[in-house]
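*Asks:* Below: one structure in structure tokens.
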Amino acid sequence: MTHVLVVDDDPTVSEVVAGYLDRAGFTVELAVDGPAAVARAAARPPDLVVLDLMLPGMDGLEVCRRIREDGPLPVIMLTARGDEEDRILGLEVGADDYVTKPFSPRELVLRVESVLRRAGSAAAVRAEQPGSWLRSGPLALDPVARRATRGGDELALTIREFDLLEYFLRRPGRATSREELMRRVWGWEFGDLSTVTVHVRRLREKIEDDPARPRLISTVWGVGYRFDPPGGSGAEGNGAGDGR
């Protein structure tokens, strides 16, 4: 059974989340603070972590960094903060999703299932043979091996960042709304669109020469974003068309 580690110092939240995840078929383990979460993740690596941002002993951001030192691990952040910049701190350190308190436990279960589907797909394709690369200027991406490079150097991308880059490479020159990106990349019909904004910003930081003046991922005001291939060339390799 899929093992989920729930980290929250509020016993009511932990019990409710654990109950819903248990009924959804997950094996659930609880931790009440940051050091305990790091220790439990090391002793028994989970398949996914539901992690509160505000924790005693060590905050959720540091916990996220530490439990990911040995490799990628899906993380959903919980936060009670209202300010947008605070709410998206988890995404800034590479969390795959976040949920703002108070939240619907059913929605959280759906988010867990969505993130695990993405992570499972990534793990499955890593076991297959590398396929044709998508290329655009200095960027190259192998959808099967889940590898991406810039100028020959390996890019350290989260699951969502990789999926987002692949989506852009397959659709050069096409303006896409944030709502469409949320549906196609995240698989959600609803959600906070700032999730998309943060991931685009993080992706720019990894692929642009000057993230403050992006030339690859352009903002199309009133619409969303557009990937502009260097020199106007499209992506190469199998499946590098419009993806329809």
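Letters A, B, ... mark the chains of the structure tokens in the order given; residue numbers begin at 1 per chain; ligand numbers begin at 1, in order shown.
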Would you return as a ChimeraX atom specification the members of segment 90-186 of chain A that DSSP assigns to strand (DSSP E or B) on this structure's backbone?

*Replies:* /A:97-100,134-136,139-142,147-150,153-154,175-177

*Asks:* Please produce a file of those selected residues containing all heavy atoms, as a short mmCIF file (atom, residue, chain, number, x, y, z; two decimals), in the first residue's frame.

*Replies:*
data_model
loop_
_atom_site.label_atom_id
_atom_site.label_comp_id
_atom_site.auth_asym_id
_atom_site.auth_seq_id
_atom_site.Cartn_x
_atom_site.Cartn_y
_atom_site.Cartn_z
N ASP A 97 2.79 20.55 -4.51
CA ASP A 97 1.48 21.17 -4.39
C ASP A 97 1.38 21.77 -3.00
O ASP A 97 2.20 21.48 -2.12
CB ASP A 97 0.38 20.12 -4.61
CG ASP A 97 -0.99 20.73 -4.86
OD1 ASP A 97 -1.08 21.98 -4.93
OD2 ASP A 97 -1.97 19.98 -4.95
N TYR A 98 0.38 22.61 -2.78
CA TYR A 98 0.11 23.11 -1.44
C TYR A 98 -1.38 23.26 -1.26
O TYR A 98 -2.13 23.43 -2.22
CB TYR A 98 0.83 24.44 -1.18
CG TYR A 98 0.18 25.64 -1.80
CD1 TYR A 98 -0.77 26.38 -1.11
CD2 TYR A 98 0.50 26.02 -3.09
CE1 TYR A 98 -1.38 27.47 -1.67
CE2 TYR A 98 -0.11 27.12 -3.68
CZ TYR A 98 -1.04 27.83 -2.97
OH TYR A 98 -1.66 28.91 -3.55
N VAL A 99 -1.81 23.19 -0.01
CA VAL A 99 -3.22 23.34 0.34
C VAL A 99 -3.28 24.32 1.51
O VAL A 99 -2.53 24.20 2.48
CB VAL A 99 -3.86 22.00 0.74
CG1 VAL A 99 -5.30 22.21 1.18
CG2 VAL A 99 -3.80 21.01 -0.41
N THR A 100 -4.16 25.31 1.41
CA THR A 100 -4.27 26.34 2.43
C THR A 100 -5.34 25.96 3.47
O THR A 100 -6.44 25.56 3.12
CB THR A 100 -4.65 27.69 1.80
OG1 THR A 100 -3.68 28.02 0.80
CG2 THR A 100 -4.69 28.79 2.84
N LEU A 134 13.51 15.99 -27.09
CA LEU A 134 12.95 17.24 -27.59
C LEU A 134 14.03 18.30 -27.41
O LEU A 134 14.62 18.40 -26.35
CB LEU A 134 11.70 17.64 -26.79
CG LEU A 134 10.57 16.61 -26.68
CD1 LEU A 134 9.45 17.15 -25.80
CD2 LEU A 134 10.04 16.26 -28.05
N ARG A 135 14.28 19.08 -28.47
CA ARG A 135 15.37 20.05 -28.42
C ARG A 135 14.89 21.41 -28.91
O ARG A 135 14.12 21.51 -29.85
CB ARG A 135 16.55 19.59 -29.27
CG ARG A 135 17.10 18.22 -28.87
CD ARG A 135 18.28 17.82 -29.72
NE ARG A 135 18.68 16.45 -29.45
CZ ARG A 135 19.49 16.08 -28.46
NH1 ARG A 135 20.00 17.01 -27.65
NH2 ARG A 135 19.80 14.82 -28.27
N SER A 136 15.39 22.43 -28.23
CA SER A 136 15.11 23.80 -28.64
C SER A 136 16.25 24.67 -28.14
O SER A 136 16.36 24.91 -26.93
CB SER A 136 13.77 24.29 -28.09
OG SER A 136 13.47 25.58 -28.57
N LEU A 139 18.25 23.89 -24.89
CA LEU A 139 17.45 22.97 -24.08
C LEU A 139 17.26 21.63 -24.77
O LEU A 139 17.04 21.57 -25.99
CB LEU A 139 16.07 23.58 -23.80
CG LEU A 139 16.05 24.90 -23.01
CD1 LEU A 139 14.63 25.44 -22.95
CD2 LEU A 139 16.61 24.70 -21.60
N ALA A 140 17.34 20.57 -23.99
CA ALA A 140 17.07 19.23 -24.49
C ALA A 140 16.35 18.46 -23.39
O ALA A 140 16.69 18.57 -22.21
CB ALA A 140 18.36 18.51 -24.88
N LEU A 141 15.36 17.67 -23.78
CA LEU A 141 14.53 16.96 -22.80
C LEU A 141 14.18 15.58 -23.34
O LEU A 141 13.75 15.45 -24.49
CB LEU A 141 13.27 17.77 -22.50
CG LEU A 141 12.27 17.22 -21.48
CD1 LEU A 141 11.60 18.36 -20.71
CD2 LEU A 141 11.19 16.39 -22.19
N ASP A 142 14.41 14.57 -22.52
CA ASP A 142 14.04 13.19 -22.85
C ASP A 142 12.82 12.82 -22.02
O ASP A 142 12.92 12.60 -20.82
CB ASP A 142 15.20 12.23 -22.54
CG ASP A 142 14.92 10.80 -23.00
OD1 ASP A 142 13.73 10.45 -23.19
OD2 ASP A 142 15.88 10.04 -23.18
N ARG A 147 14.82 13.25 -18.23
CA ARG A 147 16.05 14.03 -18.11
C ARG A 147 15.91 15.30 -18.92
O ARG A 147 15.33 15.29 -20.01
CB ARG A 147 17.26 13.25 -18.61
CG ARG A 147 17.65 12.03 -17.79
CD ARG A 147 18.91 11.41 -18.37
NE ARG A 147 20.01 12.38 -18.39
CZ ARG A 147 20.99 12.34 -19.29
NH1 ARG A 147 20.99 11.43 -20.26
NH2 ARG A 147 21.96 13.24 -19.24
N ALA A 148 16.45 16.39 -18.40
CA ALA A 148 16.46 17.64 -19.13
C ALA A 148 17.81 18.31 -18.94
O ALA A 148 18.40 18.25 -17.85
CB ALA A 148 15.34 18.57 -18.65
N THR A 149 18.34 18.93 -20.00
CA THR A 149 19.63 19.59 -19.93
C THR A 149 19.53 20.98 -20.55
O THR A 149 18.66 21.27 -21.37
CB THR A 149 20.72 18.79 -20.67
OG1 THR A 149 20.36 18.68 -22.06
CG2 THR A 149 20.88 17.40 -20.07
N ARG A 150 20.46 21.83 -20.14
CA ARG A 150 20.61 23.17 -20.73
C ARG A 150 22.07 23.36 -21.05
O ARG A 150 22.91 23.36 -20.17
CB ARG A 150 20.13 24.25 -19.77
CG ARG A 150 20.25 25.68 -20.32
CD ARG A 150 19.74 26.69 -19.31
NE ARG A 150 19.77 28.04 -19.82
CZ ARG A 150 20.82 28.87 -19.72
NH1 ARG A 150 21.92 28.44 -19.10
NH2 ARG A 150 20.77 30.08 -20.21
N ASP A 153 24.31 20.72 -19.59
CA ASP A 153 24.31 20.54 -18.14
C ASP A 153 22.94 20.06 -17.66
O ASP A 153 21.90 20.58 -18.09
CB ASP A 153 24.65 21.85 -17.44
CG ASP A 153 26.06 22.33 -17.75
OD1 ASP A 153 26.94 21.46 -17.93
OD2 ASP A 153 26.27 23.56 -17.85
N GLU A 154 22.95 19.08 -16.78
CA GLU A 154 21.71 18.52 -16.26
C GLU A 154 20.92 19.56 -15.48
O GLU A 154 21.49 20.31 -14.67
CB GLU A 154 22.01 17.33 -15.36
CG GLU A 154 20.83 16.40 -15.12
CD GLU A 154 20.69 15.34 -16.19
OE1 GLU A 154 21.63 15.15 -16.99
OE2 GLU A 154 19.63 14.68 -16.21
N ALA A 175 0.43 30.54 -27.40
CA ALA A 175 0.04 31.16 -26.13
C ALA A 175 -0.94 30.23 -25.40
O ALA A 175 -1.89 29.73 -26.00
CB ALA A 175 -0.60 32.52 -26.37
N THR A 176 -0.67 30.02 -24.11
CA THR A 176 -1.49 29.12 -23.30
C THR A 176 -1.87 29.81 -22.01
O THR A 176 -1.02 30.40 -21.35
CB THR A 176 -0.73 27.82 -22.98
OG1 THR A 176 -0.23 27.24 -24.18
CG2 THR A 176 -1.65 26.81 -22.29
N SER A 177 -3.14 29.74 -21.65
CA SER A 177 -3.61 30.37 -20.42
C SER A 177 -3.15 29.57 -19.20
O SER A 177 -2.84 28.38 -19.30
CB SER A 177 -5.14 30.48 -20.42
OG SER A 177 -5.73 29.19 -20.32
#

*Asks:* If we count only C-alpha atoms and set the cut-off at 10 Å, which residues sit around Thr2 of chain A, ignoring sequence neighbours fewer than 6 positions away in its own chain? Please answer as number ranges by chain.

*Replies:* A: 25-28, 46-48, 116

*Asks:* Could you give me, as a VMD selection string, each residue of segment 103-207 of chain A that DSSP assigns to helix (DSSP H, G or I) when run on this structure's backbone?

*Replies:* chain A and resid 105 to 126 159 to 169 178 to 186 194 to 207

*Asks:* Quick one: everything within 10 Å of Arg106 of chain A, counting only C-alpha atoms, minus sequence neighbours fewer than 2 positions away in the same chain. Send it as an NGL selection string.

*Replies:* :A and (17 or 20-21 or 24 or 103-104 or 108-112)

*Asks:* Using only C-alpha atoms, which residue out of A:Gly60, A:Pro230, A:Pro74, A:Pro35 lies closest to Ile159 of chain A?

*Replies:*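 Nearest candidate to Ile159 of chain A out of A:Gly60, A:Pro230, A:Pro74, A:Pro35: A:Pro74.
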
*Asks:* Within 10 Å of Pro56 of chain A, counting only C-alpha atoms, which residues show up once you throw out same-chain ones fewer than 5 positions away? Write them as a list in words, please.

*Replies:*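 Listed by chain and then number, they are Asp8, Asp9, Val32, Asp33, Gly34 and Pro35 of chain A.
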
*Asks:* With only C-alpha atoms as the basis for distance, which of A:Leu169, A:Ile207, A:Ala41, A:Val200 is at the shortest distance from Ala156 of chain A?

*Replies:* A:Ile207

*Asks:* Could you check which of A:Val75, A:Met182, A:Leu216, A:Ala36 is closest to Phe168 of chain A, using only C-alpha atoms?

*Replies:*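 For Phe168 of chain A, the nearest of the given residues is A:Leu216.
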
*Asks:* Please identify all polymer residues within 12 Å of Tyr167 of chain A, counting only C-alpha atoms, omitting same-chain residues fewer than 2 positions from it, and present them as a ChimeraX atom specification.

*Replies:* /A:134,141,143,160-165,169-176,180-186,200,217,225-227,235,239-244

*Asks:* Would you mind exporting the chosen residues as a compact mmCIF listing (two decimals), in the first residue's frame, restricted to N, CA, C and O atoms?

*Replies:*
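For reference, part-v7.txt as written:
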# COMPACT_ATOMS: atom_id res chain seq x y z
N LEU A 134 13.51 15.99 -27.09
CA LEU A 134 12.95 17.24 -27.59
C LEU A 134 14.03 18.30 -27.41
O LEU A 134 14.62 18.40 -26.35
N LEU A 141 15.36 17.67 -23.78
CA LEU A 141 14.53 16.96 -22.80
C LEU A 141 14.18 15.58 -23.34
O LEU A 141 13.75 15.45 -24.49
N PRO A 143 11.61 12.76 -22.64
CA PRO A 143 10.38 12.48 -21.89
C PRO A 143 10.36 11.11 -21.24
O PRO A 143 9.71 10.92 -20.21
N ARG A 160 6.71 18.70 -11.48
CA ARG A 160 5.87 19.66 -12.18
C ARG A 160 6.67 20.54 -13.13
O ARG A 160 6.21 20.87 -14.22
N GLU A 161 7.87 20.94 -12.70
CA GLU A 161 8.70 21.76 -13.59
C GLU A 161 9.05 20.99 -14.86
O GLU A 161 9.04 21.56 -15.95
N PHE A 162 9.37 19.71 -14.72
CA PHE A 162 9.68 18.90 -15.89
C PHE A 162 8.48 18.81 -16.82
O PHE A 162 8.59 18.99 -18.03
N ASP A 163 7.31 18.50 -16.24
CA ASP A 163 6.10 18.39 -17.06
C ASP A 163 5.77 19.71 -17.75
O ASP A 163 5.33 19.73 -18.90
N LEU A 164 6.00 20.81 -17.05
CA LEU A 164 5.73 22.13 -17.62
C LEU A 164 6.68 22.42 -18.78
O LEU A 164 6.24 22.90 -19.84
N LEU A 165 7.95 22.13 -18.61
CA LEU A 165 8.91 22.34 -19.69
C LEU A 165 8.58 21.46 -20.90
O LEU A 165 8.64 21.92 -22.05
N LEU A 169 7.83 22.77 -24.66
CA LEU A 169 8.65 22.34 -25.79
C LEU A 169 7.81 21.72 -26.90
O LEU A 169 8.16 21.80 -28.09
N ARG A 170 6.73 21.08 -26.54
CA ARG A 170 5.86 20.46 -27.54
C ARG A 170 4.94 21.46 -28.22
O ARG A 170 4.29 21.14 -29.21
N ARG A 171 4.89 22.68 -27.70
CA ARG A 171 3.96 23.67 -28.24
C ARG A 171 4.65 25.01 -28.45
O ARG A 171 4.26 26.03 -27.88
N PRO A 172 5.70 25.05 -29.24
CA PRO A 172 6.43 26.31 -29.43
C PRO A 172 5.56 27.36 -30.11
O PRO A 172 4.80 27.07 -31.03
N GLY A 173 5.68 28.59 -29.62
CA GLY A 173 4.98 29.70 -30.25
C GLY A 173 3.50 29.79 -29.95
O GLY A 173 2.82 30.66 -30.50
N ARG A 174 3.00 28.94 -29.08
CA ARG A 174 1.56 28.92 -28.80
C ARG A 174 1.29 29.53 -27.42
O ARG A 174 1.86 29.10 -26.42
N ALA A 175 0.43 30.54 -27.40
CA ALA A 175 0.04 31.16 -26.13
C ALA A 175 -0.94 30.23 -25.40
O ALA A 175 -1.89 29.73 -26.00
N THR A 176 -0.67 30.02 -24.11
CA THR A 176 -1.49 29.12 -23.30
C THR A 176 -1.87 29.81 -22.01
O THR A 176 -1.02 30.40 -21.35
N GLU A 180 -5.44 26.65 -18.70
CA GLU A 180 -5.15 25.50 -19.56
C GLU A 180 -3.93 24.74 -19.05
O GLU A 180 -3.90 23.51 -19.06
N LEU A 181 -2.92 25.47 -18.61
CA LEU A 181 -1.74 24.80 -18.05
C LEU A 181 -2.12 23.99 -16.82
O LEU A 181 -1.61 22.87 -16.63
N MET A 182 -3.00 24.52 -15.99
CA MET A 182 -3.43 23.79 -14.80
C MET A 182 -4.14 22.49 -15.19
O MET A 182 -3.94 21.44 -14.57
N ARG A 183 -4.96 22.56 -16.23
CA ARG A 183 -5.67 21.34 -16.68
C ARG A 183 -4.73 20.33 -17.30
O ARG A 183 -4.80 19.13 -17.02
N ARG A 184 -3.84 20.81 -18.18
CA ARG A 184 -3.00 19.90 -18.95
C ARG A 184 -1.78 19.39 -18.18
O ARG A 184 -1.39 18.23 -18.35
N VAL A 185 -1.15 20.24 -17.39
CA VAL A 185 0.07 19.85 -16.69
C VAL A 185 -0.23 19.27 -15.31
O VAL A 185 0.35 18.27 -14.91
N TRP A 186 -1.15 19.92 -14.58
CA TRP A 186 -1.48 19.46 -13.23
C TRP A 186 -2.61 18.45 -13.21
O TRP A 186 -2.76 17.70 -12.27
N VAL A 200 6.17 28.60 -13.20
CA VAL A 200 6.76 29.27 -14.36
C VAL A 200 7.97 30.09 -13.92
O VAL A 200 9.02 30.07 -14.58
N ILE A 217 10.34 31.79 -22.10
CA ILE A 217 8.96 31.72 -21.65
C ILE A 217 8.46 33.15 -21.48
O ILE A 217 8.78 33.82 -20.50
N TYR A 225 1.06 32.37 -21.01
CA TYR A 225 2.47 32.25 -21.33
C TYR A 225 2.66 31.64 -22.73
O TYR A 225 1.79 30.94 -23.25
N ARG A 226 3.83 31.92 -23.30
CA ARG A 226 4.18 31.36 -24.61
C ARG A 226 5.66 30.99 -24.60
O ARG A 226 6.50 31.75 -24.11
N PHE A 227 5.98 29.81 -25.14
CA PHE A 227 7.37 29.40 -25.28
C PHE A 227 7.88 29.85 -26.64
O PHE A 227 7.33 29.46 -27.68
N ALA A 235 10.65 22.44 -31.38
CA ALA A 235 11.26 21.29 -30.72
C ALA A 235 11.47 20.18 -31.72
O ALA A 235 10.76 20.05 -32.70
N GLY A 239 7.16 13.36 -31.27
CA GLY A 239 6.14 14.00 -30.43
C GLY A 239 6.40 15.44 -30.17
O GLY A 239 5.88 16.00 -29.23
N ALA A 240 7.19 16.11 -31.03
CA ALA A 240 7.52 17.50 -30.77
C ALA A 240 6.59 18.47 -31.45
O ALA A 240 6.88 19.63 -31.60
N GLY A 241 5.44 18.00 -31.88
CA GLY A 241 4.47 18.85 -32.53
C GLY A 241 3.61 19.55 -31.52
O GLY A 241 4.04 19.90 -30.43
N ASP A 242 2.33 19.75 -31.89
CA ASP A 242 1.46 20.53 -30.99
C ASP A 242 0.86 19.70 -29.90
O ASP A 242 0.16 20.21 -29.04
N GLY A 243 1.10 18.37 -29.91
CA GLY A 243 0.64 17.52 -28.81
C GLY A 243 -0.83 17.24 -28.80
O GLY A 243 -1.34 16.65 -27.87
N ARG A 244 -1.55 17.63 -29.87
CA ARG A 244 -2.99 17.37 -29.86
C ARG A 244 -3.27 15.93 -30.23
O ARG A 244 -2.51 15.33 -30.99

*Asks:* Just the number, please: distance in Å from atom CA of Thr79 of chain A to atom CA of Ala43 of chain A, one decimal.

*Replies:*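 Atom CA of Ala43 of chain A lies 25.6 Å from atom CA of Thr79 of chain A.
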
*Asks:* Quick one: residues within 12 Å of Ala42 of chain A, only C-alpha atoms counted, chain neighbours fewer than 2 positions away excluded, as a list in words?

*Replies:* Leu5, Pro35, Ala36, Ala37, Val38, Ala39, Arg40, Arg44, Pro45, Pro46, Val63, Arg66, Ile67, Arg68, Glu69, Asp70, Gly71 and Leu73 of chain A

*Asks:* Mind pulling up the distance from atom CA of Val7 of chain A to atom CA of Asp59 of chain A?

*Replies:*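 It comes out at 10.7 Å.
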